[in-house]
Amino acid sequence: MRQRRMDEIQIYTTFPNIPPENLENFKKLVSQAVAITKDDDETLRYDYFLSDNGTKCVSPHAHVNSEALLAHIGKVGELLGPMVELGGGVEVVVLGDPSAELLEATAAFEATVYAHLDGK
């Protein structure tokens with residue numbers, strides 16, 4: 001089992017309303033994003049989960065720190081806009097203690113941030 005690093009940043013990105021006519025193109029973009037991230041050692045987790053009816057997608061991912069997440073955004077950034085459009089918007093939850101630079105860079109997403117309180 002992987003031990004959580006104190007500066008690790010976890011993200012939960014939800015695409016809340018994928019119309020049926022957008023699903024196949026959305027899946028293609030997801031595959032491209034995963035391929036880009038495959039060999040990134042600073043991305044600790046990067047998954048996508050689709051609801052049973054195919055209308056909602058949740059993507060939990062974890063990065064070693066804020067800088068790693070910023071680098072990840074730089075790599076997959078061109079896919080984010082189309083994914084948000086095809087996915088009916090985006091809801092972002094950040095777990096951890098993000099840097100000021102990360103908060104500034106992601107301000108447009110209006111993320112809900114939860115600072116680490118305690119844990120194992």
# chains A, B, ... in the order shown; residues from 1 in each chain; ligands from 1
>>> residues_around(residues="stretch 98-114 of chain A", least_positions_apart="4", cutoff="8 Å", atoms="only C-alpha atoms", output="number ranges by chain")
A: 9, 65-67, 69-70, 90-94
>>> write_last_selection(atoms="C-alpha atoms", output="mmCIF file, in the first residue's frame")
data_model
loop_
_atom_site.group_PDB
_atom_site.id
_atom_site.type_symbol
_atom_site.label_atom_id
_atom_site.label_comp_id
_atom_site.auth_asym_id
_atom_site.auth_seq_id
_atom_site.Cartn_x
_atom_site.Cartn_y
_atom_site.Cartn_z
ATOM 1 C CA ILE A 9 -2.652 16.633 -4.051
ATOM 2 C CA ASN A 65 2.574 17.832 -5.213
ATOM 3 C CA SER A 66 1.085 21.011 -6.653
ATOM 4 C CA GLU A 67 3.889 21.406 -9.171
ATOM 5 C CA LEU A 69 -0.441 18.706 -10.946
ATOM 6 C CA LEU A 70 0.432 21.920 -12.784
ATOM 7 C CA VAL A 90 -17.097 20.116 -14.716
ATOM 8 C CA GLU A 91 -17.060 19.982 -10.922
ATOM 9 C CA VAL A 92 -13.657 19.898 -9.232
ATOM 10 C CA VAL A 93 -12.759 18.916 -5.673
ATOM 11 C CA VAL A 94 -9.167 19.329 -4.472
#
>>> select_by_dssp(residues="stretch 33-109 of chain A", states="strand (DSSP E)", output="NGL selection string")
:A and (43-46 or 49-50 or 57-63 or 91-95)
>>> residues_around(residues="stretch 12-21 of chain A", least_positions_apart="3", cutoff="10 Å", atoms="only C-alpha atoms", output="PyMOL selection string")
chain A and resi 24-26+46-51+53-62+83-95+109+111-112
>>> closest_residue(among="A:Lys75, A:Gly81, A:Asp97, A:His116", to="A:Ile36", atoms="only C-alpha atoms")
A:Lys75
>>> atom_distance(atom1="atom CA of A:His63", atom2="atom CA of A:Glu8")
5.7 Å
>>> select_by_dssp(residues="chain A", states="helix (DSSP H, G or I)", output="PyMOL selection string")
chain A and resi 20-37+66-86+100-105+107-109
>>> write_last_selection(atoms="N, CA and C atoms", output="compact mmCIF listing (two decimals), in the first residue's frame")
# COMPACT_ATOMS: atom_id res chain seq x y z
N PRO A 20 -25.94 11.41 -24.53
CA PRO A 20 -25.62 10.17 -25.26
C PRO A 20 -24.86 10.42 -26.56
N GLU A 21 -25.19 11.48 -27.25
CA GLU A 21 -24.52 11.75 -28.53
C GLU A 21 -23.07 12.19 -28.36
N ASN A 22 -22.66 12.54 -27.14
CA ASN A 22 -21.28 12.98 -26.87
C ASN A 22 -20.41 11.87 -26.29
N LEU A 23 -21.02 10.76 -25.89
CA LEU A 23 -20.30 9.76 -25.11
C LEU A 23 -19.09 9.18 -25.84
N GLU A 24 -19.21 8.80 -27.08
CA GLU A 24 -18.08 8.18 -27.79
C GLU A 24 -16.92 9.15 -27.95
N ASN A 25 -17.20 10.40 -28.28
CA ASN A 25 -16.12 11.39 -28.39
C ASN A 25 -15.50 11.68 -27.03
N PHE A 26 -16.31 11.69 -25.99
CA PHE A 26 -15.79 11.89 -24.63
C PHE A 26 -14.83 10.74 -24.28
N LYS A 27 -15.23 9.51 -24.57
CA LYS A 27 -14.37 8.35 -24.29
C LYS A 27 -13.05 8.44 -25.04
N LYS A 28 -13.06 8.93 -26.26
CA LYS A 28 -11.82 9.08 -27.04
C LYS A 28 -10.87 10.08 -26.37
N LEU A 29 -11.43 11.18 -25.88
CA LEU A 29 -10.60 12.17 -25.19
C LEU A 29 -10.02 11.59 -23.90
N VAL A 30 -10.83 10.82 -23.17
CA VAL A 30 -10.34 10.17 -21.95
C VAL A 30 -9.16 9.26 -22.29
N SER A 31 -9.29 8.46 -23.33
CA SER A 31 -8.20 7.56 -23.73
C SER A 31 -6.94 8.34 -24.07
N GLN A 32 -7.10 9.47 -24.74
CA GLN A 32 -5.94 10.30 -25.07
C GLN A 32 -5.28 10.85 -23.81
N ALA A 33 -6.09 11.31 -22.87
CA ALA A 33 -5.55 11.87 -21.62
C ALA A 33 -4.80 10.79 -20.83
N VAL A 34 -5.38 9.60 -20.76
CA VAL A 34 -4.72 8.51 -20.03
C VAL A 34 -3.40 8.14 -20.72
N ALA A 35 -3.39 8.08 -22.03
CA ALA A 35 -2.16 7.76 -22.76
C ALA A 35 -1.06 8.78 -22.49
N ILE A 36 -1.43 10.05 -22.44
CA ILE A 36 -0.45 11.11 -22.17
C ILE A 36 0.15 10.95 -20.79
N THR A 37 -0.64 10.49 -19.85
CA THR A 37 -0.24 10.40 -18.44
C THR A 37 0.44 9.08 -18.09
N SER A 66 1.75 20.01 -5.80
CA SER A 66 1.09 21.01 -6.65
C SER A 66 1.80 21.20 -7.98
N GLU A 67 3.12 21.21 -7.95
CA GLU A 67 3.89 21.41 -9.17
C GLU A 67 3.64 20.27 -10.16
N ALA A 68 3.52 19.06 -9.64
CA ALA A 68 3.24 17.90 -10.51
C ALA A 68 1.86 18.02 -11.14
N LEU A 69 0.89 18.52 -10.38
CA LEU A 69 -0.44 18.71 -10.95
C LEU A 69 -0.42 19.81 -12.01
N LEU A 70 0.31 20.87 -11.77
CA LEU A 70 0.43 21.92 -12.78
C LEU A 70 1.07 21.37 -14.06
N ALA A 71 2.09 20.52 -13.91
CA ALA A 71 2.72 19.91 -15.08
C ALA A 71 1.73 19.00 -15.81
N HIS A 72 0.94 18.26 -15.06
CA HIS A 72 -0.08 17.39 -15.64
C HIS A 72 -1.09 18.20 -16.44
N ILE A 73 -1.55 19.30 -15.87
CA ILE A 73 -2.50 20.17 -16.57
C ILE A 73 -1.88 20.67 -17.87
N GLY A 74 -0.60 20.99 -17.82
CA GLY A 74 0.09 21.43 -19.03
C GLY A 74 0.11 20.36 -20.12
N LYS A 75 0.20 19.11 -19.73
CA LYS A 75 0.26 18.01 -20.70
C LYS A 75 -1.11 17.69 -21.30
N VAL A 76 -2.16 17.72 -20.48
CA VAL A 76 -3.49 17.33 -20.96
C VAL A 76 -4.41 18.53 -21.17
N GLY A 77 -3.88 19.73 -20.97
CA GLY A 77 -4.69 20.94 -21.00
C GLY A 77 -5.52 21.14 -22.25
N GLU A 78 -4.97 20.78 -23.41
CA GLU A 78 -5.72 20.99 -24.66
C GLU A 78 -6.94 20.07 -24.74
N LEU A 79 -6.98 19.02 -23.95
CA LEU A 79 -8.13 18.11 -23.95
C LEU A 79 -9.22 18.55 -22.97
N LEU A 80 -8.85 19.35 -21.98
CA LEU A 80 -9.79 19.71 -20.92
C LEU A 80 -11.01 20.47 -21.42
N GLY A 81 -10.79 21.46 -22.27
CA GLY A 81 -11.90 22.25 -22.79
C GLY A 81 -12.94 21.39 -23.51
N PRO A 82 -12.50 20.58 -24.48
CA PRO A 82 -13.46 19.70 -25.15
C PRO A 82 -14.13 18.70 -24.20
N MET A 83 -13.39 18.21 -23.20
CA MET A 83 -13.99 17.27 -22.24
C MET A 83 -15.08 17.96 -21.42
N VAL A 84 -14.81 19.18 -20.99
CA VAL A 84 -15.80 19.93 -20.23
C VAL A 84 -17.04 20.17 -21.09
N GLU A 85 -16.82 20.53 -22.35
CA GLU A 85 -17.95 20.78 -23.24
C GLU A 85 -18.76 19.50 -23.48
N LEU A 86 -18.10 18.41 -23.80
CA LEU A 86 -18.79 17.14 -24.05
C LEU A 86 -19.42 16.56 -22.78
N ALA A 100 -0.32 28.34 -3.95
CA ALA A 100 -1.00 29.53 -4.47
C ALA A 100 -0.99 29.52 -6.00
N GLU A 101 0.10 29.04 -6.60
CA GLU A 101 0.19 28.96 -8.05
C GLU A 101 -0.85 28.01 -8.63
N LEU A 102 -1.06 26.87 -7.96
CA LEU A 102 -2.07 25.92 -8.43
C LEU A 102 -3.47 26.51 -8.30
N LEU A 103 -3.73 27.16 -7.19
CA LEU A 103 -5.05 27.79 -7.00
C LEU A 103 -5.31 28.85 -8.06
N GLU A 104 -4.30 29.63 -8.36
CA GLU A 104 -4.45 30.68 -9.38
C GLU A 104 -4.68 30.07 -10.77
N ALA A 105 -3.92 29.03 -11.09
CA ALA A 105 -4.01 28.41 -12.41
C ALA A 105 -5.34 27.70 -12.63
N ALA A 107 -8.28 28.60 -11.02
CA ALA A 107 -9.38 29.43 -10.50
C ALA A 107 -10.64 29.35 -11.36
N ALA A 108 -10.49 29.23 -12.67
CA ALA A 108 -11.65 29.17 -13.57
C ALA A 108 -12.54 27.96 -13.30
N PHE A 109 -11.96 26.90 -12.72
CA PHE A 109 -12.74 25.70 -12.43
C PHE A 109 -13.58 25.84 -11.15
>>> closest_residue(among="A:Asp39, A:Gly96, A:Lys120, A:Ala115", to="A:Asp7", atoms="only C-alpha atoms")
A:Gly96
>>> decode(residues="stretch 42-54 of chain A", atoms="N, CA and C atoms", output="tab-separated table (two decimals), in the first residue's frame")
chain	number	residue	atom	x	y	z
A	42	GLU	N	5.09	11.30	-11.61
A	42	GLU	CA	4.58	12.20	-10.59
A	42	GLU	C	3.05	12.21	-10.52
A	43	THR	N	2.41	11.52	-11.45
A	43	THR	CA	0.97	11.29	-11.37
A	43	THR	C	0.81	9.91	-10.74
A	44	LEU	N	0.35	9.89	-9.51
A	44	LEU	CA	0.28	8.65	-8.74
A	44	LEU	C	-0.96	7.83	-9.06
A	45	ARG	N	-2.02	8.50	-9.45
A	45	ARG	CA	-3.27	7.84	-9.81
A	45	ARG	C	-3.96	8.70	-10.86
A	46	TYR	N	-4.56	8.04	-11.84
A	46	TYR	CA	-5.28	8.77	-12.88
A	46	TYR	C	-6.29	7.81	-13.50
A	47	ASP	N	-7.52	7.88	-13.04
A	47	ASP	CA	-8.57	6.97	-13.47
A	47	ASP	C	-9.81	7.73	-13.88
A	48	TYR	N	-10.64	7.06	-14.65
A	48	TYR	CA	-11.96	7.58	-15.02
A	48	TYR	C	-12.99	6.49	-14.76
A	49	PHE	N	-14.11	6.88	-14.18
A	49	PHE	CA	-15.20	5.95	-13.89
A	49	PHE	C	-16.48	6.52	-14.49
A	50	LEU	N	-17.21	5.69	-15.22
A	50	LEU	CA	-18.42	6.10	-15.89
A	50	LEU	C	-19.63	5.51	-15.17
A	51	SER	N	-20.68	6.32	-14.99
A	51	SER	CA	-21.90	5.84	-14.35
A	51	SER	C	-22.54	4.74	-15.19
A	52	ASP	N	-23.40	3.96	-14.55
A	52	ASP	CA	-24.06	2.84	-15.24
A	52	ASP	C	-24.81	3.28	-16.49
A	53	ASN	N	-25.41	4.45	-16.44
A	53	ASN	CA	-26.19	4.91	-17.60
A	53	ASN	C	-25.35	5.74	-18.58
A	54	GLY	N	-24.05	5.91	-18.29
A	54	GLY	CA	-23.14	6.59	-19.21
A	54	GLY	C	-23.30	8.09	-19.29
